[in-house]
Amino acid sequence: MEQKKFDKGTGAGAYPYTYYGNNYGAFGAGATGETGVQRSFHDYVLILRERIWYIVLVFLLVFSSAMVYTFTKTKDYMSVASVQIFRRDPVIMQVQGVVDNEIRSAEDLNTQVKILESLTIVKSVADRLTGEDLRQFLAPFTKENSEEPLDAARIILANRKVVPVRLSMIIQVQYTHPDKFIAAKVANLFLDEYIAHTSRLRIEESMKAVDELKIRADQQKKRVEEMAISLQAYREKNNLISLDQRKDIVTEKLKALNLYVTQTNARFKDAEVRWRQVQERREPLSGLLDLTFVSSQQLISQLVQQVAAQKIIIAQLRERYRDKHPKMIEAVNSLNQTEQELNRALLSSASMIESEYQTAFRNDQEARAALASQETESLDLDRAAVEYTNLERDLRISEQLLQNTLARMKETSMTSTIETQNSRVVDRAGPSLRHYSPNIPLNLVLGFIGGIGLGTVFAFFVAYIDDRVKSSYDIEGVIGLPLVGIIPEIKRMEQPEKAQIVINNQDKQVAEAFLALHSSLRLKDESKSAQAILVTSTVPGEGKSFVSTNLALTFASHGERVVIIDCDLRKPNIHKSFRIENLKGVIDICAGTATIEDVAVKDVYPGLDVIPAGGRAKNPTQILNSKGFEVMISELRKRYDRIFIDTPPLAAVSDSLIILPLVDGSVFTIYFNRVRRKAAQFAARRLLEANVPCFGAVLNGLNLAVSGYYYAQYYDKSYKDYYITMQSREGDENAR
């Protein structure tokens, strides 16, 4: 692990093992669940190195399985046949086909691929396999003592593959079988059945269309007949035998009547004017003579002349005769008779003019009535002609539909007999020269890669489910404490020897580890100036007492006045480490029955005093919360440079949390590969929530057999020449 250096201004030190994190005196990253340290590539390599035998085992299992499968599997041969799909059917006749086989898009081509893949084609191919071919086909799949019949179609479906050739209209049919000749035969049968299927489908659809068109033609013919009968009945009902001729006659009559009405109306107006003039001048009758059309009559004109002549004669006779003269009387009588005839002629003329007026009036009314009747007849004829035209048009359309249907039926019937194909065989399949499966190089490569991959995955899986603390990442990244010391594992040694290993010269590596821990604590201002230091752990058995005693001995060996207090009042252990009695101690001091001088064991080692627990307490929390305990700590601060307090595990009891406010900092002991991450993380969180600096974690019991996986830079065989003991160092100093 690379040694990291940090700026002192940020509260980080230059410890030889690792860094402290972002917050030396608080829980930091581990408290929020966001680790300040991320796994590096080197960490993952270490995970794989530690579990290399898992990878080797899984690799051998997978690779050997791949080899067994490859060399025991039946060899299969693949034959490939290809068919070309036409974009449109060959044009023999310019008629529209019933089945549209034109390929316009990728979807249309894919449709043909799906037809080749369909169960219909598969079953047709299976039906074509008979006799000896069927026996050879089923032979590789027949099991001994098996009474269940084999389904050839299912076998074909499982071993055939239809592959469209990219950027072309060619489709390949691939078939795999242990018999290379059968493989080629089945692949060719697929093409034959596909071509036959499309041809058969076209003929069937054409014949079906012919039958449908025939039914429609019969229905249309019947409808045309019904419409023709309806049209004839309508023609007879409305007298429309010759609609155009009748229309012409009615039109001519209408024109003539229009002219006749115009004439009769003119005559009526003229007669009306004359009759009014006659009525205005009828009294006296002589006033009629003012009317030219009256006076111009020959009789009236003659009578007027006669009257005028007789008046002249009478005037002449009156000059000669008197009124009673016979000639005068005769002339007057003749005049009267003429005037009477004139009056009768005038009356007759007036009557004739009146008669002409009445006649003209009647003629005008009759002409108008005839015109109105003719107009009504013309309108009726037009209305009848509209309906007739509709019926006639519907009849023509129906007749045209009938003709089109009959023509289409004949075309379809004719084209159904013409053999055209929408595809052709490009390459027929032949027996393969070498087997297709198994692919030995590919299987071995896949087995090799798969073995390594699965082995790696299995190794990471084992690492994932193994949540015990063992690496610096676990301590710094997950738990959230800086790693300040690493103590190697000690085997086959009694507790007292372990507790004093830094001075008994029995394990040079462990002694050097405590010297490194001492140096680490003295590099940081907080731990350097800390007088009271609490040592605890997560669970029992992690070596907190071992770390406390050896750390105290290390500080004492450097000339400081040190005292170690056994505050584990439930299971005291310090007295065993130094082989001293546990009759009096912390319990007696807090109870006021003894003083520090009474219970302290002086100079267990030069500069080191020990205060045992004084037995097991029934109420340890009350003792640790008492005023006497605070006074004891305060008094010890006056007498000693360093005070090391051994406390119970945090996960078990809360005694350590009671003592924390009275100390300057704490050291958290973690045993290698024993405590779980969650438990250690929870204990560290409780420790740091007290707002008392935690100087870091000490990893105890590192197995040197696996130390190279995690801490190769600290423990190497080449380092052994540099390890020295405390005694040899003292001897060298004395020699000097």
# chains A, B, ... in the order shown; residues from 1 in each chain; ligands from 1
call {"tool": "residues_around", "arguments": {"residues": "segment 676-678 of chain A", "least_positions_apart": "3", "cutoff": "6 Å", "atoms": "only C-alpha atoms", "output": "mmCIF file with N, CA, C and O atoms, in the first residue's frame"}}
result
data_model
loop_
_atom_site.group_PDB
_atom_site.id
_atom_site.type_symbol
_atom_site.label_atom_id
_atom_site.label_comp_id
_atom_site.auth_asym_id
_atom_site.auth_seq_id
_atom_site.Cartn_x
_atom_site.Cartn_y
_atom_site.Cartn_z
ATOM 1 N N ASP A 467 -17.754 -10.727 4.633
ATOM 2 C CA ASP A 467 -17.784 -9.334 5.070
ATOM 3 C C ASP A 467 -16.943 -9.097 6.321
ATOM 4 O O ASP A 467 -17.179 -8.147 7.072
ATOM 5 N N ARG A 468 -15.945 -9.947 6.555
ATOM 6 C CA ARG A 468 -15.077 -9.740 7.702
ATOM 7 C C ARG A 468 -13.975 -8.734 7.359
ATOM 8 O O ARG A 468 -13.515 -8.650 6.220
ATOM 9 N N VAL A 469 -13.565 -8.004 8.366
ATOM 10 C CA VAL A 469 -12.580 -6.948 8.167
ATOM 11 C C VAL A 469 -11.210 -7.583 7.991
ATOM 12 O O VAL A 469 -10.759 -8.362 8.843
ATOM 13 N N GLN A 681 -18.292 -1.296 12.017
ATOM 14 C CA GLN A 681 -18.753 0.033 11.611
ATOM 15 C C GLN A 681 -19.687 0.626 12.668
ATOM 16 O O GLN A 681 -19.602 1.809 13.011
#
call {"tool": "select_by_dssp", "arguments": {"residues": "segment 490-670 of chain A", "states": "alpha helix (DSSP H)", "output": "count of residues only"}}
result
80
call {"tool": "select_by_dssp", "arguments": {"residues": "segment 336-564 of chain A", "states": "strand (DSSP E)", "output": "ChimeraX atom specification"}}
result
/A:423-427,483-488,532-537,562-564
call {"tool": "closest_residue", "arguments": {"among": "A:Thr554, A:Ser545, A:Thr142, A:Asn188", "to": "His575 of chain A", "atoms": "only C-alpha atoms"}}
result
A:Ser545
call {"tool": "closest_residue", "arguments": {"among": "A:Ile643, A:Leu395, A:Leu660, A:Ile479", "to": "Gln220 of chain A", "atoms": "only C-alpha atoms"}}
result
A:Leu395
call {"tool": "atom_distance", "arguments": {"atom1": "atom CA of Lys269 of chain A", "atom2": "atom CA of Glu354 of chain A"}}
result
12.8 Å
call {"tool": "closest_residue", "arguments": {"among": "A:Glu356, A:Glu280, A:Glu204, A:Asp382", "to": "Lys247 of chain A", "atoms": "only C-alpha atoms"}}
result
A:Asp382
call {"tool": "residues_around", "arguments": {"residues": "segment 372-381 of chain A", "least_positions_apart": "3", "cutoff": "8 Å", "atoms": "only C-alpha atoms", "output": "JSON, numbers by chain"}}
result
{"A": [247, 250, 251, 253, 254, 368, 369, 384, 385]}
call {"tool": "residues_around", "arguments": {"residues": "segment 73-83 of chain A", "least_positions_apart": "2", "cutoff": "6 Å", "atoms": "only C-alpha atoms", "output": "JSON, numbers by chain"}}
result
{"A": [69, 70, 71, 170, 171, 172, 173, 174, 175, 176, 177, 178, 180, 183, 184, 187, 424, 425, 426, 427, 428, 429, 432, 435, 436, 437]}
call {"tool": "residues_around", "arguments": {"residues": "Arg674 of chain A", "least_positions_apart": "5", "cutoff": "12 Å", "atoms": "only C-alpha atoms", "output": "PyMOL selection string"}}
result
chain A and resi 466-471+537-543+669+679-680+699-703
call {"tool": "write_last_selection", "arguments": {"atoms": "all heavy atoms", "output": "compact mmCIF listing (two decimals), in the first residue's frame"}}
result
# COMPACT_ATOMS: atom_id res chain seq x y z
N ASP A 466 -18.06 -12.59 2.01
CA ASP A 466 -17.13 -12.57 3.14
C ASP A 466 -17.00 -11.11 3.60
O ASP A 466 -16.23 -10.33 3.04
CB ASP A 466 -15.77 -13.13 2.71
CG ASP A 466 -14.80 -13.17 3.88
OD1 ASP A 466 -15.24 -12.94 5.02
OD2 ASP A 466 -13.60 -13.42 3.65
N ASP A 467 -17.75 -10.73 4.63
CA ASP A 467 -17.78 -9.33 5.07
C ASP A 467 -16.94 -9.10 6.32
O ASP A 467 -17.18 -8.15 7.07
CB ASP A 467 -19.22 -8.89 5.34
CG ASP A 467 -19.87 -9.68 6.46
OD1 ASP A 467 -19.33 -10.74 6.82
OD2 ASP A 467 -20.91 -9.23 6.98
N ARG A 468 -15.95 -9.95 6.56
CA ARG A 468 -15.08 -9.74 7.70
C ARG A 468 -13.97 -8.73 7.36
O ARG A 468 -13.51 -8.65 6.22
CB ARG A 468 -14.46 -11.07 8.14
CG ARG A 468 -15.48 -12.03 8.77
CD ARG A 468 -14.90 -13.39 8.98
NE ARG A 468 -14.53 -14.04 7.72
CZ ARG A 468 -14.01 -15.25 7.62
NH1 ARG A 468 -13.80 -15.95 8.73
NH2 ARG A 468 -13.70 -15.76 6.46
N VAL A 469 -13.57 -8.00 8.37
CA VAL A 469 -12.58 -6.95 8.17
C VAL A 469 -11.21 -7.58 7.99
O VAL A 469 -10.76 -8.36 8.84
CB VAL A 469 -12.57 -5.98 9.37
CG1 VAL A 469 -11.49 -4.92 9.17
CG2 VAL A 469 -13.92 -5.35 9.55
N LYS A 470 -10.56 -7.23 6.88
CA LYS A 470 -9.24 -7.78 6.65
C LYS A 470 -8.33 -6.83 5.87
O LYS A 470 -7.13 -6.98 5.92
CB LYS A 470 -9.33 -9.12 5.93
CG LYS A 470 -10.01 -9.04 4.56
CD LYS A 470 -10.03 -10.40 3.88
CE LYS A 470 -10.95 -11.35 4.63
NZ LYS A 470 -11.05 -12.66 3.94
N SER A 471 -8.87 -5.89 5.15
CA SER A 471 -8.04 -5.01 4.33
C SER A 471 -8.11 -3.58 4.85
O SER A 471 -8.99 -3.21 5.63
CB SER A 471 -8.49 -5.05 2.87
OG SER A 471 -9.77 -4.46 2.74
N SER A 537 -12.43 -2.35 21.60
CA SER A 537 -12.61 -3.14 20.37
C SER A 537 -14.10 -3.32 20.14
O SER A 537 -14.94 -2.79 20.89
CB SER A 537 -11.91 -4.49 20.49
OG SER A 537 -12.50 -5.26 21.54
N THR A 538 -14.42 -4.09 19.09
CA THR A 538 -15.82 -4.34 18.77
C THR A 538 -16.37 -5.48 19.61
O THR A 538 -17.41 -5.35 20.27
CB THR A 538 -15.99 -4.66 17.28
OG1 THR A 538 -15.42 -3.61 16.51
CG2 THR A 538 -17.46 -4.81 16.92
N VAL A 539 -15.71 -6.62 19.56
CA VAL A 539 -16.16 -7.82 20.27
C VAL A 539 -15.01 -8.35 21.11
O VAL A 539 -13.83 -7.97 20.90
CB VAL A 539 -16.65 -8.90 19.27
CG1 VAL A 539 -17.87 -8.44 18.52
CG2 VAL A 539 -15.53 -9.28 18.30
N PRO A 540 -15.28 -9.24 22.05
CA PRO A 540 -14.19 -9.83 22.83
C PRO A 540 -13.27 -10.68 21.95
O PRO A 540 -13.68 -11.21 20.92
CB PRO A 540 -14.94 -10.72 23.85
CG PRO A 540 -16.32 -10.14 23.92
CD PRO A 540 -16.61 -9.62 22.56
N GLY A 541 -12.01 -10.78 22.39
CA GLY A 541 -11.07 -11.63 21.68
C GLY A 541 -10.33 -10.95 20.57
O GLY A 541 -9.66 -11.63 19.78
N GLU A 542 -10.40 -9.62 20.45
CA GLU A 542 -9.71 -8.92 19.38
C GLU A 542 -8.35 -8.39 19.82
O GLU A 542 -7.66 -7.75 19.03
CB GLU A 542 -10.57 -7.76 18.86
CG GLU A 542 -11.81 -8.22 18.12
CD GLU A 542 -12.48 -7.07 17.38
OE1 GLU A 542 -11.97 -6.69 16.31
OE2 GLU A 542 -13.50 -6.56 17.89
N GLY A 543 -7.95 -8.64 21.09
CA GLY A 543 -6.61 -8.28 21.55
C GLY A 543 -6.48 -6.87 22.04
O GLY A 543 -5.39 -6.29 21.97
N THR A 669 -9.21 -1.34 18.41
CA THR A 669 -8.51 -2.57 18.04
C THR A 669 -9.43 -3.46 17.19
O THR A 669 -10.59 -3.68 17.56
CB THR A 669 -8.08 -3.34 19.29
OG1 THR A 669 -7.28 -2.50 20.10
CG2 THR A 669 -7.29 -4.58 18.91
N ALA A 679 -20.62 -4.85 12.14
CA ALA A 679 -20.44 -4.74 13.59
C ALA A 679 -19.35 -3.73 13.92
O ALA A 679 -19.51 -2.88 14.81
CB ALA A 679 -20.10 -6.11 14.18
N ALA A 680 -18.23 -3.80 13.20
CA ALA A 680 -17.14 -2.86 13.45
C ALA A 680 -17.55 -1.44 13.10
O ALA A 680 -17.20 -0.48 13.79
CB ALA A 680 -15.90 -3.27 12.65
N LEU A 699 -4.88 -2.88 13.48
CA LEU A 699 -5.24 -4.20 12.96
C LEU A 699 -4.36 -5.24 13.65
O LEU A 699 -3.13 -5.26 13.46
CB LEU A 699 -5.06 -4.24 11.45
CG LEU A 699 -5.46 -5.54 10.77
CD1 LEU A 699 -6.96 -5.79 10.92
CD2 LEU A 699 -5.07 -5.53 9.30
N ASN A 700 -4.98 -6.10 14.42
CA ASN A 700 -4.27 -7.08 15.22
C ASN A 700 -4.42 -8.47 14.60
O ASN A 700 -5.42 -8.78 13.96
CB ASN A 700 -4.82 -7.08 16.65
CG ASN A 700 -4.05 -8.02 17.55
OD1 ASN A 700 -2.85 -8.25 17.37
ND2 ASN A 700 -4.74 -8.58 18.54
N GLY A 701 -3.41 -9.32 14.81
CA GLY A 701 -3.49 -10.72 14.40
C GLY A 701 -3.40 -10.93 12.91
O GLY A 701 -4.04 -11.84 12.36
N LEU A 702 -2.64 -10.09 12.18
CA LEU A 702 -2.49 -10.25 10.74
C LEU A 702 -1.81 -11.58 10.43
O LEU A 702 -0.69 -11.84 10.91
CB LEU A 702 -1.70 -9.10 10.14
CG LEU A 702 -1.40 -9.21 8.64
CD1 LEU A 702 -2.69 -9.17 7.84
CD2 LEU A 702 -0.46 -8.10 8.20
N ASN A 703 -2.45 -12.40 9.65
CA ASN A 703 -1.90 -13.69 9.23
C ASN A 703 -0.81 -13.44 8.20
O ASN A 703 -1.08 -12.95 7.10
CB ASN A 703 -3.00 -14.57 8.66
CG ASN A 703 -2.52 -15.98 8.37
OD1 ASN A 703 -1.32 -16.28 8.43
ND2 ASN A 703 -3.45 -16.86 8.09
call {"tool": "closest_atom_pairs", "arguments": {"of": "segment 158-228 of chain A", "to": "segment 125-130 of chain A", "cutoff": "7 Å", "atoms": "only C-alpha atoms", "output": "tab-separated table"}}
result
residue	atom	partner	partner_atom	distance
A:Leu189	CA	A:Val125	CA	6.0
A:Phe190	CA	A:Val125	CA	6.3
A:Glu193	CA	A:Val125	CA	6.6
call {"tool": "residues_around", "arguments": {"residues": "Phe293 of chain A", "least_positions_apart": "2", "cutoff": "10 Å", "atoms": "only C-alpha atoms", "output": "VMD selection string"}}
result
chain A and resid 274 278 288 to 291 295 to 297 349 353
call {"tool": "atom_distance", "arguments": {"atom1": "atom CA of Met67 of chain A", "atom2": "atom CA of Gly450 of chain A"}}
result
12.3 Å
